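Source file: target-v2.csv (CSV, C-alpha atoms)
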chain,number,residue,atom,x,y,z
P,1,MET,CA,-14.4,-21.9,0.9
P,2,ILE,CA,-12.0,-19.1,1.6
P,3,GLN,CA,-11.0,-17.4,-1.7
P,4,ALA,CA,-8.2,-15.1,-2.6
P,5,PRO,CA,-9.0,-11.4,-2.1
P,6,ARG,CA,-10.3,-9.5,-5.1
P,7,GLY,CA,-7.6,-8.2,-7.3
P,8,THR,CA,-5.1,-10.9,-6.3
P,9,ARG,CA,-4.2,-14.1,-8.1
P,10,ASP,CA,-2.2,-17.3,-7.9
P,11,VAL,CA,0.6,-17.9,-10.4
P,12,TYR,CA,1.4,-21.5,-11.1
P,13,GLY,CA,1.9,-24.2,-13.8
P,14,GLU,CA,2.9,-23.2,-17.3
P,15,GLU,CA,2.4,-19.5,-16.6
P,16,MET,CA,5.0,-19.8,-13.9
P,17,ARG,CA,7.4,-21.1,-16.5
P,18,VAL,CA,6.9,-17.9,-18.5
P,19,TRP,CA,7.5,-15.8,-15.4
P,20,HIS,CA,10.8,-17.7,-15.0
P,21,LYS,CA,11.8,-17.0,-18.6
P,22,VAL,CA,11.0,-13.3,-18.2
P,23,GLU,CA,12.9,-13.1,-14.9
P,24,ALA,CA,15.9,-14.9,-16.4
P,25,ALA,CA,15.9,-12.4,-19.3
P,26,ILE,CA,15.7,-9.5,-16.9
P,27,ARG,CA,18.8,-10.7,-15.0
P,28,ARG,CA,20.8,-11.2,-18.2
P,29,ILE,CA,19.9,-7.8,-19.6
P,30,THR,CA,20.5,-5.9,-16.3
P,31,ASP,CA,23.8,-7.7,-15.9
P,32,ALA,CA,24.8,-6.6,-19.5
P,33,TYR,CA,24.0,-3.0,-18.5
P,34,ASN,CA,25.8,-3.3,-15.2
P,35,PHE,CA,22.8,-2.6,-12.9
P,36,SER,CA,22.7,-3.9,-9.4
P,37,GLU,CA,19.6,-5.4,-7.8
P,38,ILE,CA,18.0,-3.8,-4.8
P,39,ARG,CA,15.2,-5.1,-2.6
P,40,ALA,CA,13.3,-2.4,-0.6
P,41,PRO,CA,10.6,-3.0,2.0
P,42,ILE,CA,7.0,-3.6,1.0
P,43,ILE,CA,5.9,-1.2,3.7
P,44,GLU,CA,7.1,2.4,4.0
P,45,HIS,CA,6.1,5.4,6.0
P,46,THR,CA,3.1,7.0,4.3
P,47,ASP,CA,4.8,10.4,4.2
P,48,LEU,CA,7.3,9.0,1.7
P,49,PHE,CA,4.6,8.6,-0.9
P,50,LEU,CA,2.8,11.8,0.0
P,51,ARG,CA,6.0,13.8,-0.7
P,52,GLY,CA,7.5,11.6,-3.4
P,53,VAL,CA,4.6,10.4,-5.5
P,54,GLY,CA,2.5,13.5,-5.0
P,55,ASP,CA,-0.8,14.3,-3.3
P,56,THR,CA,-2.5,15.1,-6.6
P,57,THR,CA,-2.1,11.6,-8.0
P,58,ASP,CA,-4.8,9.0,-8.1
P,59,ILE,CA,-2.4,6.7,-6.3
P,60,VAL,CA,-2.2,8.9,-3.2
P,61,GLN,CA,-5.8,10.2,-3.3
P,62,LYS,CA,-7.6,6.9,-3.9
P,63,GLU,CA,-5.4,3.8,-4.2
P,64,MET,CA,-3.0,3.4,-1.3
P,65,TYR,CA,-3.4,0.7,1.3
P,66,THR,CA,-2.7,2.8,4.4
P,67,PHE,CA,-2.9,1.8,8.1
P,68,GLU,CA,-1.6,2.6,11.5
P,69,ASP,CA,0.8,0.2,13.3
P,70,LYS,CA,0.6,-0.5,17.0
P,71,SER,CA,2.6,2.6,17.8
P,72,GLY,CA,0.3,4.8,15.8
P,73,ARG,CA,2.6,5.4,12.9
P,74,SER,CA,1.0,5.7,9.5
P,75,LEU,CA,2.4,3.1,7.1
P,76,SER,CA,1.5,2.2,3.6
P,77,LEU,CA,1.9,-0.9,1.4
P,78,ARG,CA,4.1,0.5,-1.5
P,79,PRO,CA,2.0,1.5,-4.5
P,80,GLU,CA,5.1,1.9,-6.6
P,81,GLN,CA,8.9,1.4,-6.0
P,82,THR,CA,10.7,4.4,-7.2
P,83,ALA,CA,10.1,6.4,-4.0
P,84,GLY,CA,11.3,3.5,-1.8
P,85,VAL,CA,14.5,3.0,-3.9
P,86,ALA,CA,15.1,6.8,-3.7
P,87,ARG,CA,14.7,6.7,0.1
P,88,ALA,CA,17.2,3.8,0.2
P,89,TYR,CA,19.7,5.8,-2.0
P,90,ILE,CA,19.7,8.5,0.7
P,91,GLU,CA,19.4,6.4,3.9
P,92,ARG,CA,22.0,3.8,2.9
P,93,GLY,CA,24.6,6.3,1.7
P,94,LEU,CA,24.6,5.1,-1.9
P,95,HIS,CA,25.3,8.7,-3.0
P,96,ASN,CA,28.8,8.2,-1.4
P,97,GLN,CA,29.6,5.4,-3.9
P,98,PRO,CA,31.0,6.0,-7.4
P,99,GLN,CA,28.3,7.6,-9.4
P,100,PRO,CA,26.0,7.1,-11.2
P,101,THR,CA,24.2,4.6,-9.1
P,102,LYS,CA,22.3,2.0,-11.3
P,103,LEU,CA,19.7,-0.2,-9.6
P,104,TRP,CA,17.0,-2.6,-10.7
P,105,TYR,CA,14.3,-4.4,-8.8
P,106,THR,CA,11.3,-6.6,-9.0
P,107,GLY,CA,8.5,-7.4,-6.6
P,108,PRO,CA,4.9,-6.7,-5.6
P,109,ASN,CA,3.1,-3.3,-5.4
P,110,PHE,CA,-0.4,-2.7,-4.0
P,111,ARG,CA,-3.1,-0.4,-5.3
P,112,TYR,CA,-6.8,-0.3,-4.5
P,113,GLU,CA,-8.1,0.0,-8.0
P,114,THR,CA,-10.6,-1.9,-10.2
P,115,PRO,CA,-9.0,-5.1,-11.4
P,116,GLN,CA,-8.7,-5.6,-15.1
P,117,ALA,CA,-6.6,-7.7,-17.6
P,118,GLY,CA,-3.0,-7.4,-16.6
P,119,ARG,CA,-3.7,-5.1,-13.7
P,120,TYR,CA,-4.3,-6.3,-10.2
P,121,ARG,CA,-4.5,-4.9,-6.7
P,122,GLN,CA,-1.4,-6.8,-5.9
P,123,HIS,CA,0.7,-6.5,-9.0
P,124,TYR,CA,4.4,-7.2,-9.7
P,125,GLN,CA,6.8,-4.7,-11.3
P,126,PHE,CA,10.2,-4.8,-12.8
P,127,GLY,CA,12.0,-1.4,-12.8
P,128,VAL,CA,15.3,0.3,-13.1
P,129,GLU,CA,16.6,3.6,-11.5
P,130,VAL,CA,19.7,5.6,-12.3
P,131,PHE,CA,20.8,8.4,-9.9
P,132,GLY,CA,23.5,11.0,-10.3
P,133,SER,CA,23.5,12.1,-14.0
P,134,THR,CA,21.8,14.9,-15.8
P,135,SER,CA,22.9,13.5,-19.2
P,136,TYR,CA,20.3,12.7,-21.9
P,137,ALA,CA,22.4,9.5,-22.4
P,138,VAL,CA,20.9,8.1,-19.2
P,139,GLU,CA,17.4,8.2,-20.7
P,140,ALA,CA,18.7,6.7,-23.9
P,141,GLU,CA,20.4,3.9,-21.9
P,142,ILE,CA,17.4,2.8,-20.0
P,143,ILE,CA,15.1,3.1,-23.0
P,144,SER,CA,17.6,0.8,-24.9
P,145,LEU,CA,17.6,-1.5,-21.9
P,146,GLY,CA,13.8,-1.9,-22.0
P,147,TYR,CA,13.9,-2.2,-25.8
P,148,THR,CA,16.6,-4.9,-25.6
P,149,LEU,CA,14.6,-6.9,-23.0
P,150,LEU,CA,11.5,-6.9,-25.2
P,151,GLN,CA,13.6,-8.1,-28.2
P,152,GLU,CA,15.1,-10.8,-26.0
P,153,LEU,CA,11.6,-12.0,-25.2
P,154,GLY,CA,10.6,-12.0,-28.8
P,155,ILE,CA,7.8,-9.4,-28.3
P,156,LYS,CA,6.8,-7.6,-31.5
P,157,ASN,CA,4.7,-4.6,-32.4
P,158,VAL,CA,5.8,-2.3,-29.5
P,159,SER,CA,6.0,1.4,-30.2
P,160,VAL,CA,8.5,3.6,-28.2
P,161,ASN,CA,6.8,6.9,-27.4
P,162,ILE,CA,8.8,9.8,-26.0
P,163,ASN,CA,7.9,13.3,-24.8
P,164,SER,CA,9.3,16.1,-22.7
P,165,ILE,CA,7.2,17.8,-20.0
P,166,GLY,CA,10.0,20.3,-19.3
P,167,CYS,CA,11.6,21.5,-16.1
P,168,PRO,CA,9.7,23.3,-13.3
P,169,THR,CA,10.6,26.7,-14.8
P,170,CYS,CA,9.3,26.2,-18.3
P,171,ARG,CA,6.4,24.0,-17.0
P,172,LYS,CA,5.0,27.1,-15.2
P,173,VAL,CA,4.5,28.7,-18.6
P,174,TYR,CA,2.7,25.6,-19.9
P,175,HIS,CA,0.5,25.4,-16.8
P,176,ALA,CA,-0.7,28.9,-17.3
P,177,GLU,CA,-1.5,28.2,-21.0
P,178,LEU,CA,-3.3,24.9,-20.0
P,179,ARG,CA,-5.3,26.6,-17.3
P,180,THR,CA,-6.5,29.2,-19.8
P,181,PHE,CA,-7.4,26.5,-22.2
P,182,ILE,CA,-9.5,24.5,-19.7
P,183,GLU,CA,-11.3,27.4,-18.0
P,184,SER,CA,-14.2,27.4,-20.5
P,185,ARG,CA,-14.4,23.6,-20.3
P,186,MET,CA,-14.2,23.3,-16.5
P,187,ASP,CA,-17.8,22.3,-16.0
P,188,LYS,CA,-17.4,19.4,-18.6
P,189,LEU,CA,-14.5,17.8,-16.8
P,190,CYS,CA,-14.7,15.2,-14.1
P,191,GLY,CA,-14.6,16.2,-10.5
P,192,LEU,CA,-11.0,15.0,-10.0
P,193,CYS,CA,-9.8,17.0,-13.0
P,194,ARG,CA,-11.5,20.1,-11.7
P,195,ASP,CA,-9.5,19.7,-8.5
P,196,ARG,CA,-6.3,19.2,-10.5
P,197,ALA,CA,-6.8,22.4,-12.5
P,198,ASP,CA,-5.1,24.5,-9.8
P,199,LYS,CA,-2.8,22.0,-8.2
P,200,ASN,CA,-1.4,20.3,-11.2
P,201,PRO,CA,-3.2,20.9,-14.5
P,202,LEU,CA,-0.7,18.6,-16.4
P,203,ARG,CA,-2.4,15.7,-14.7
P,204,ILE,CA,-5.6,16.4,-16.6
P,205,LEU,CA,-3.9,15.2,-19.7
P,206,ASP,CA,-3.5,11.8,-18.1
P,207,CYS,CA,-7.2,11.4,-17.2
P,208,LYS,CA,-8.7,8.1,-18.4
P,209,THR,CA,-12.3,9.4,-18.4
P,210,GLU,CA,-13.6,9.6,-21.9
P,211,LYS,CA,-15.4,12.9,-21.5
P,212,CYS,CA,-12.2,14.5,-20.2
P,213,LYS,CA,-10.2,13.0,-23.1
P,214,ASP,CA,-12.7,14.6,-25.6
P,215,GLN,CA,-12.5,18.0,-23.9
P,216,ILE,CA,-8.6,18.1,-23.9
P,217,ALA,CA,-8.1,16.6,-27.4
P,218,ASP,CA,-7.0,19.9,-28.8
P,219,ALA,CA,-5.2,21.2,-25.7
P,220,PRO,CA,-1.9,23.1,-26.2
P,221,ILE,CA,1.2,20.7,-26.1
P,222,VAL,CA,3.9,21.1,-23.6
P,223,LEU,CA,6.7,20.8,-26.2
P,224,ASP,CA,5.8,24.3,-27.4
P,225,SER,CA,6.6,25.7,-24.0
P,226,LEU,CA,10.1,24.2,-23.5
P,227,ASP,CA,12.9,26.5,-22.7
P,228,ASP,CA,16.2,26.3,-24.6
P,229,GLU,CA,17.9,24.0,-22.2
P,230,CYS,CA,15.0,21.5,-22.1
P,231,ARG,CA,14.6,21.6,-25.8
P,232,THR,CA,18.3,21.0,-26.4
P,233,HIS,CA,18.2,18.0,-24.0
P,234,PHE,CA,15.2,16.5,-25.8
P,235,THR,CA,16.7,17.0,-29.2
P,236,ALA,CA,20.0,15.3,-28.1
P,237,LEU,CA,18.0,12.3,-26.8
P,238,GLN,CA,16.3,11.9,-30.1
P,239,SER,CA,19.6,12.1,-32.0
P,240,LEU,CA,21.2,9.4,-29.7
P,241,LEU,CA,18.2,7.1,-30.1
P,242,THR,CA,18.5,7.4,-33.8
P,243,LYS,CA,22.2,6.5,-33.7
P,244,LEU,CA,21.3,3.5,-31.5
P,245,GLU,CA,18.7,2.5,-34.2
P,246,ILE,CA,15.9,2.4,-31.7
P,247,PRO,CA,12.7,3.3,-33.4
P,248,TYR,CA,10.7,5.9,-31.6
P,249,LYS,CA,8.0,8.5,-32.1
P,250,ILE,CA,7.3,11.8,-30.3
P,251,ASN,CA,3.9,11.6,-28.6
P,252,PRO,CA,2.9,14.9,-26.8
P,253,LYS,CA,0.1,13.0,-24.9
P,254,VAL,CA,2.6,11.0,-22.9
P,255,VAL,CA,2.8,12.8,-19.5
P,256,ARG,CA,2.9,9.9,-17.0
P,257,GLY,CA,0.8,9.8,-13.9
P,258,LEU,CA,3.2,10.7,-11.1
P,259,ASP,CA,4.1,14.2,-9.9
P,260,TYR,CA,7.9,13.6,-9.7
P,261,TYR,CA,8.6,13.5,-13.4
P,262,THR,CA,10.6,16.3,-15.2
P,263,ARG,CA,11.8,16.6,-18.8
P,264,THR,CA,11.8,13.3,-20.5
P,265,VAL,CA,8.9,10.9,-20.2
P,266,PHE,CA,8.3,7.8,-22.2
P,267,GLU,CA,6.0,4.8,-22.7
P,268,PHE,CA,6.3,1.5,-24.7
P,269,ILE,CA,2.9,0.8,-26.1
P,270,GLU,CA,1.9,-2.6,-27.5
P,271,GLY,CA,0.0,-2.9,-30.8
P,272,GLU,CA,-3.4,-3.2,-29.1
P,273,GLY,CA,-2.8,0.0,-27.0
P,274,LEU,CA,-1.6,-1.6,-23.8
P,275,THR,CA,1.2,0.3,-22.0
P,276,VAL,CA,4.0,-2.2,-21.4
P,277,LEU,CA,6.6,0.1,-19.8
P,278,GLY,CA,6.6,3.7,-18.6
P,279,GLY,CA,9.1,6.0,-17.0
P,280,GLY,CA,11.2,9.2,-17.3
P,281,ARG,CA,13.4,11.7,-15.6
P,282,TYR,CA,12.8,12.9,-12.0
P,283,ASP,CA,15.5,15.4,-11.0
P,284,GLY,CA,13.6,16.7,-8.0
P,285,LEU,CA,12.6,13.5,-6.2
P,286,ILE,CA,15.6,13.0,-4.0
P,287,GLU,CA,15.5,16.5,-2.7
P,288,GLU,CA,11.7,16.3,-2.2
P,289,ILE,CA,12.1,13.3,0.2
P,290,GLY,CA,15.0,14.9,2.2
P,291,GLY,CA,18.2,14.3,0.2
P,292,SER,CA,20.6,16.6,-1.6
P,293,PRO,CA,19.6,17.7,-5.1
P,294,THR,CA,20.3,14.6,-7.2
P,295,PRO,CA,19.1,13.8,-10.8
P,296,GLY,CA,17.3,10.5,-11.5
P,297,VAL,CA,15.8,8.5,-14.3
P,298,GLY,CA,13.9,5.3,-14.3
P,299,PHE,CA,11.1,3.1,-15.6
P,300,GLY,CA,8.6,0.5,-14.3
P,301,MET,CA,7.2,-2.4,-16.2
P,302,GLY,CA,4.2,-4.5,-15.1
P,303,MET,CA,5.2,-8.1,-14.9
P,304,GLU,CA,1.6,-9.5,-15.3
P,305,ARG,CA,1.1,-7.5,-18.4
P,306,LEU,CA,4.5,-8.4,-19.8
P,307,VAL,CA,3.8,-12.1,-19.2
P,308,GLN,CA,0.4,-11.8,-20.7
P,309,ILE,CA,1.9,-10.3,-23.9
P,310,VAL,CA,4.6,-13.0,-24.1
P,311,GLN,CA,2.0,-15.7,-23.8
P,312,LYS,CA,-0.3,-14.0,-26.4
P,313,GLN,CA,2.5,-13.7,-28.9
P,314,GLN,CA,3.6,-17.3,-28.3
P,315,ALA,CA,7.1,-16.2,-27.3
P,316,SER,CA,6.8,-18.2,-24.1
P,317,ALA,CA,9.0,-20.7,-22.5
P,318,ASP,CA,9.0,-24.3,-23.7
P,319,ILE,CA,6.5,-26.6,-22.1
P,320,LYS,CA,7.9,-28.1,-18.9
P,321,ALA,CA,9.1,-31.6,-19.8
P,322,PRO,CA,11.1,-34.0,-17.6
P,323,ASP,CA,14.1,-35.6,-19.2
P,324,ILE,CA,12.9,-39.1,-18.2
P,325,PHE,CA,10.0,-40.8,-16.4
P,326,ILE,CA,11.1,-43.9,-14.4
P,327,GLY,CA,8.3,-46.3,-13.8
P,328,HIS,CA,8.1,-49.7,-12.1
P,329,ALA,CA,6.5,-53.1,-12.7
P,330,GLU,CA,6.6,-54.5,-9.1
P,331,ASP,CA,7.7,-53.7,-5.6
P,332,ALA,CA,11.4,-54.2,-6.3
P,333,GLY,CA,11.1,-51.9,-9.3
P,334,PHE,CA,9.4,-49.3,-7.3
P,335,VAL,CA,12.2,-49.0,-4.8
P,336,LYS,CA,14.8,-49.1,-7.6
P,337,SER,CA,13.0,-46.4,-9.6
P,338,GLN,CA,13.3,-44.0,-6.6
P,339,GLU,CA,17.0,-44.9,-6.2
P,340,LEU,CA,17.7,-44.3,-9.9
P,341,ALA,CA,15.7,-41.1,-9.9
P,342,TYR,CA,17.7,-39.7,-7.0
P,343,SER,CA,21.0,-40.6,-8.7
P,344,LEU,CA,20.0,-38.9,-12.0
P,345,ARG,CA,18.7,-35.8,-10.2
P,346,GLN,CA,22.1,-35.5,-8.4
P,347,LYS,CA,23.6,-35.3,-11.9
P,348,GLY,CA,21.3,-32.5,-13.0
P,349,TRP,CA,18.6,-34.3,-14.9
P,350,SER,CA,14.9,-33.6,-14.5
P,351,VAL,CA,13.3,-36.9,-13.5
P,352,GLU,CA,9.8,-37.9,-12.6
P,353,THR,CA,8.6,-41.2,-11.0
P,354,ASP,CA,5.4,-42.8,-10.0
P,355,LEU,CA,4.4,-41.9,-6.5
P,356,LEU,CA,0.8,-43.3,-6.6
P,357,VAL,CA,1.7,-46.9,-7.2
P,358,ARG,CA,-0.3,-47.2,-10.4
P,359,SER,CA,-0.4,-49.9,-13.0
P,360,VAL,CA,2.2,-49.9,-15.8
P,361,LYS,CA,-0.4,-48.8,-18.3
P,362,ALA,CA,-1.5,-45.9,-16.0
P,363,GLN,CA,2.1,-44.9,-15.5
P,364,MET,CA,2.7,-44.6,-19.2
P,365,LYS,CA,-0.4,-42.5,-19.7
P,366,TYR,CA,1.0,-40.2,-16.9
P,367,ALA,CA,4.4,-40.0,-18.6
P,368,ASP,CA,2.7,-38.9,-21.8
P,369,LYS,CA,0.6,-36.3,-20.0
P,370,ILE,CA,3.6,-34.7,-18.4
P,371,ASN,CA,5.5,-34.7,-21.8
P,372,ALA,CA,8.4,-36.8,-20.5
P,373,LYS,CA,11.1,-37.1,-23.2
P,374,HIS,CA,12.0,-40.6,-22.3
P,375,THR,CA,10.5,-43.4,-20.2
P,376,VAL,CA,11.8,-46.6,-18.6
P,377,ILE,CA,10.0,-49.3,-16.7
P,378,LEU,CA,11.9,-51.3,-14.1
P,379,GLY,CA,10.9,-54.7,-12.9
P,380,GLY,CA,12.7,-57.7,-11.4
P,381,ASN,CA,14.2,-58.8,-14.8
P,382,GLU,CA,15.7,-55.4,-15.5
P,383,ILE,CA,17.1,-55.1,-12.1
P,384,SER,CA,18.7,-58.6,-12.3
P,385,ALA,CA,20.2,-58.0,-15.7
P,386,GLY,CA,21.3,-54.4,-14.9
P,387,ASN,CA,19.8,-53.3,-18.2
P,388,ALA,CA,16.5,-51.7,-19.3
P,389,LYS,CA,14.9,-50.4,-22.4
P,390,ILE,CA,14.6,-46.6,-22.6
P,391,LYS,CA,11.8,-45.4,-24.9
P,392,GLU,CA,12.1,-42.0,-26.7
P,393,MET,CA,8.6,-40.8,-26.5
P,394,ALA,CA,8.7,-38.5,-29.6
P,395,THR,CA,9.7,-41.4,-32.0
P,396,GLY,CA,8.8,-44.5,-30.1
P,397,THR,CA,12.3,-45.8,-30.5
P,398,GLN,CA,13.5,-48.2,-27.7
P,399,THR,CA,17.2,-48.6,-26.8
P,400,GLU,CA,18.6,-51.1,-24.3
P,401,VAL,CA,21.0,-49.3,-21.9
P,402,ALA,CA,22.8,-50.4,-18.8
P,403,LEU,CA,21.2,-48.9,-15.7
P,404,THR,CA,24.5,-47.3,-14.8
P,405,ASP,CA,24.8,-45.7,-18.2
P,406,ILE,CA,21.4,-43.9,-18.3
P,407,ALA,CA,22.8,-40.6,-17.4
P,408,GLU,CA,25.3,-40.8,-20.4
P,409,TYR,CA,22.5,-41.9,-22.7
P,410,LEU,CA,20.3,-38.9,-21.8
For this file, produce the structure as structure tokens.
Amino acid sequence: MIQAPRGTRDVYGEEMRVWHKVEAAIRRITDAYNFSEIRAPIIEHTDLFLRGVGDTTDIVQKEMYTFEDKSGRSLSLRPEQTAGVARAYIERGLHNQPQPTKLWYTGPNFRYETPQAGRYRQHYQFGVEVFGSTSYAVEAEIISLGYTLLQELGIKNVSVNINSIGCPTCRKVYHAELRTFIESRMDKLCGLCRDRADKNPLRILDCKTEKCKDQIADAPIVLDSLDDECRTHFTALQSLLTKLEIPYKINPKVVRGLDYYTRTVFEFIEGEGLTVLGGGRYDGLIEEIGGSPTPGVGFGMGMERLVQIVQKQQASADIKAPDIFIGHAEDAGFVKSQELAYSLRQKGWSVETDLLVRSVKAQMKYADKINAKHTVILGGNEISAGNAKIKEMATGTQTEVALTDIAEYL
């Protein structure tokens, strides 16, 4: 039997209902914050990710699905969506519209990594991006958007962690301090971190290898190297989050895994240590991929992990339940059940019928299994009289109703 490729999965049944609930909440919240949806291509030129995401990242070095098309051009399945949205901002002239530009998206990304709970090689992401403003209020707005979404979904025990990794100027000072710190520990770091030591030592702090975590546990923190402007920006953000009554904590270990971040970075971490959401400011990205200098801020949220947490915390959608099951006792009832079902569906009701021509007893068992709220069985007598008894499944109460009045009864 042909099976789905490793790291991919099928979403269906009750889990799909939770996805629908999450997606509906996303649309409500992004509408409230006046964000517009964007749908960028799944494939992009590989150079976009080399320049945008950064060639020192795990994504570019080890995880991208890259191939040549029939014209010999190097293309990649998108491993993340910020770079593609930034490319669209430049190419489609969105910078000519009233600023700031506020966009949101959802859709699949692709990374060749070891599958684990809530992380897949094809994984779905919800994200937001804001272009055109250097204000700390932008960080506060999108942090509040993520916080509001999790509240809307009833998710508890999530910690908002914030940090600042500074601008390129003050980060040079920190890089020098960090290099000095790791020199004596170099032989105890993994091979990837040894490579990063010269190119981007900040990435060492994001290494998931336990031996590297132990070696850098007491490393100097970037907050101590911030210049006055970056420190003022970070302090103002904290003050605004406090005024918005969004609980947060400063976590110097939050650095994020992509090269384009500057100044503010943040993560929402669930009680068991799972990162639910991550993002930050990236004022150099637009220029890096060919646009005019333009500030940006955004976050990404893994949909699989979010759905997993919603299910775990029992904040999920209600079990799917048709409003009524219409069964039949004989051939005439079978045809009538289909007619009545069609009529009720046209009026907006959720209706199920018997399509396997089962016995009445089997039909009632089926109605119970699919959690139908009401049932009605149609036979020759009911059709002749124009009436039928509707059973409320939760209580067992039966009420005789004219067939033409079933919609009003429901």
To one decimal place in Å, what is the distance between CA of Ile289 in chain P and CA of Val53 in chain P?
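Calculated distance between CA of Ile289 in chain P and CA of Val53 in chain P is 9.9 Å.
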Please compute the CA of Asp218 in chain P-CA of Asn161 in chain P distance, one decimal, in Å.
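Pair CA of Asp218 in chain P / CA of Asn161 in chain P returns 19.0 Å.
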Find, counting all atoms listed in the file, the residue in P:Asp228, P:Ala402, P:Ile216, P:Val310 that gets nearest to Glu183 in chain P.
P:Ile216
For Glu392 in chain P, which residue out of P:Ala367, P:Met186, P:Cys207, P:Ile143 is the nearest one, using all atoms listed in the file?
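Closest candidate: P:Ala367.
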Mind giving me the straight-line distance from CA of Ala341 in chain P to CA of Trp19 in chain P in Å, one decimal?
27.2 Å
